[in-house]
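Undergrad: Next up is a structure, given as structure tokens.
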Amino acid sequence: MRKIELGQTVTILANVGVLAGLLLLAFELNQNRQMMEAQTRHEMAQSIVEQLGEIASNADLANLEYRGRCGKLESEVEELRFFSHVNSRLRYWEDAHYQYRQGLYGESEFVTQKEAWRSYIQNSATRDAWNRMKGAFSLEFVAEMDALLADTDAAQFEIVSCS
């Protein structure tokens with residue numbers, strides 16, 4: 001009789017140990033997910049700060065951005081440079097969109113990102129560039145961007161005022 005009770009006690013303790021291990025694993029996985037979200041948020045913020053800093057510190061790029069958005073490009077080379085600049089920004093946005101879809105980028109951050117996208121893409125020059133290159137982007141991102149373009153009632157803020 002004592003052997004049966006001892007065996008049952010060992011089995012119960014082993015099951016409790018397995019359950020505790022599973023709970024600890026679930027806790028660690030949740031912490032890892034939170035850390036990945038924080039790391040993704042940091043990398044996304046760092047990327048946009050670098051892009052904006054490059055425009056702020058590079059007069060030629062700022063001039064190109066301004067003239068491109070105002071439809072005042074002077075050569076085919078400038079058109080290529082502007083197109084490439086818009087493409088790099090759109091690639092960043094596509095990555096942000098992908099990270100959001102994967103659950104690694106928070107809703108509040110993504111909503112504010114989209115408002116910045118809407119402002120940038122509503123400009124006729126960037127909208128034209130988008131329409132020329134959108135076939136090279138994921139279908140999900142294309143749908144998101146096209147929805148932003150279709151939403152003409154949205155509040156916009158325009159950084160570049162062309163005169």
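By convention in this document, the chains of the structure tokens carry letters A, B, ... by their order, each chain's residues are numbered from 1, and ligands are numbered from 1 in the order they are shown.
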Need to verify the contact set: A:Phe141, 8 Å, only C-alpha atoms, exclusion of same-chain residues closer than 3 positions in sequence. Can you return it as a list of chain:residue names?
TA: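 With the cut-off at 8 Å, the set is A:Glu94, A:His97, A:Tyr98, A:Phe137, A:Ser138, A:Glu144, A:Met145.
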Undergrad: Would you put the residues from that selection into a file with C-alpha atoms, as a PDB file, in the first residue's frame?
TA:
```pdb
ATOM      1  CA  GLU A  94       6.243  48.733 -45.985  1.00  0.00           C
ATOM      2  CA  HIS A  97       3.327  47.801 -42.082  1.00  0.00           C
ATOM      3  CA  TYR A  98       4.768  44.277 -42.073  1.00  0.00           C
ATOM      4  CA  PHE A 137       5.269  46.152 -53.023  1.00  0.00           C
ATOM      5  CA  SER A 138       3.295  43.573 -51.061  1.00  0.00           C
ATOM      6  CA  GLU A 144      -3.214  50.118 -47.159  1.00  0.00           C
ATOM      7  CA  MET A 145      -1.623  52.895 -49.206  1.00  0.00           C
TER       8      MET A 145
END
```
Undergrad: Excluding same-chain residues fewer than 3 positions from stretch 40-56 of chain A, what lies within 12 Å of it counting only C-alpha atoms, as a PyMOL selection string?
TA: chain A and resi 33-37+59-66+85-86+88-100+102-110+113+116-117
Undergrad: Could you work out how far atom CA of A:Val111 lies from atom CA of A:Ser161, giving the answer in Å with one decimal?
TA: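 Atom-to-atom, atom CA of A:Ser161 and atom CA of A:Val111 are spaced 24.3 Å apart.
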Undergrad: Between atom CA of A:Arg101 and atom CA of A:Asp146, measure the distance and give it in Å to one decimal.
TA: 16.9 Å
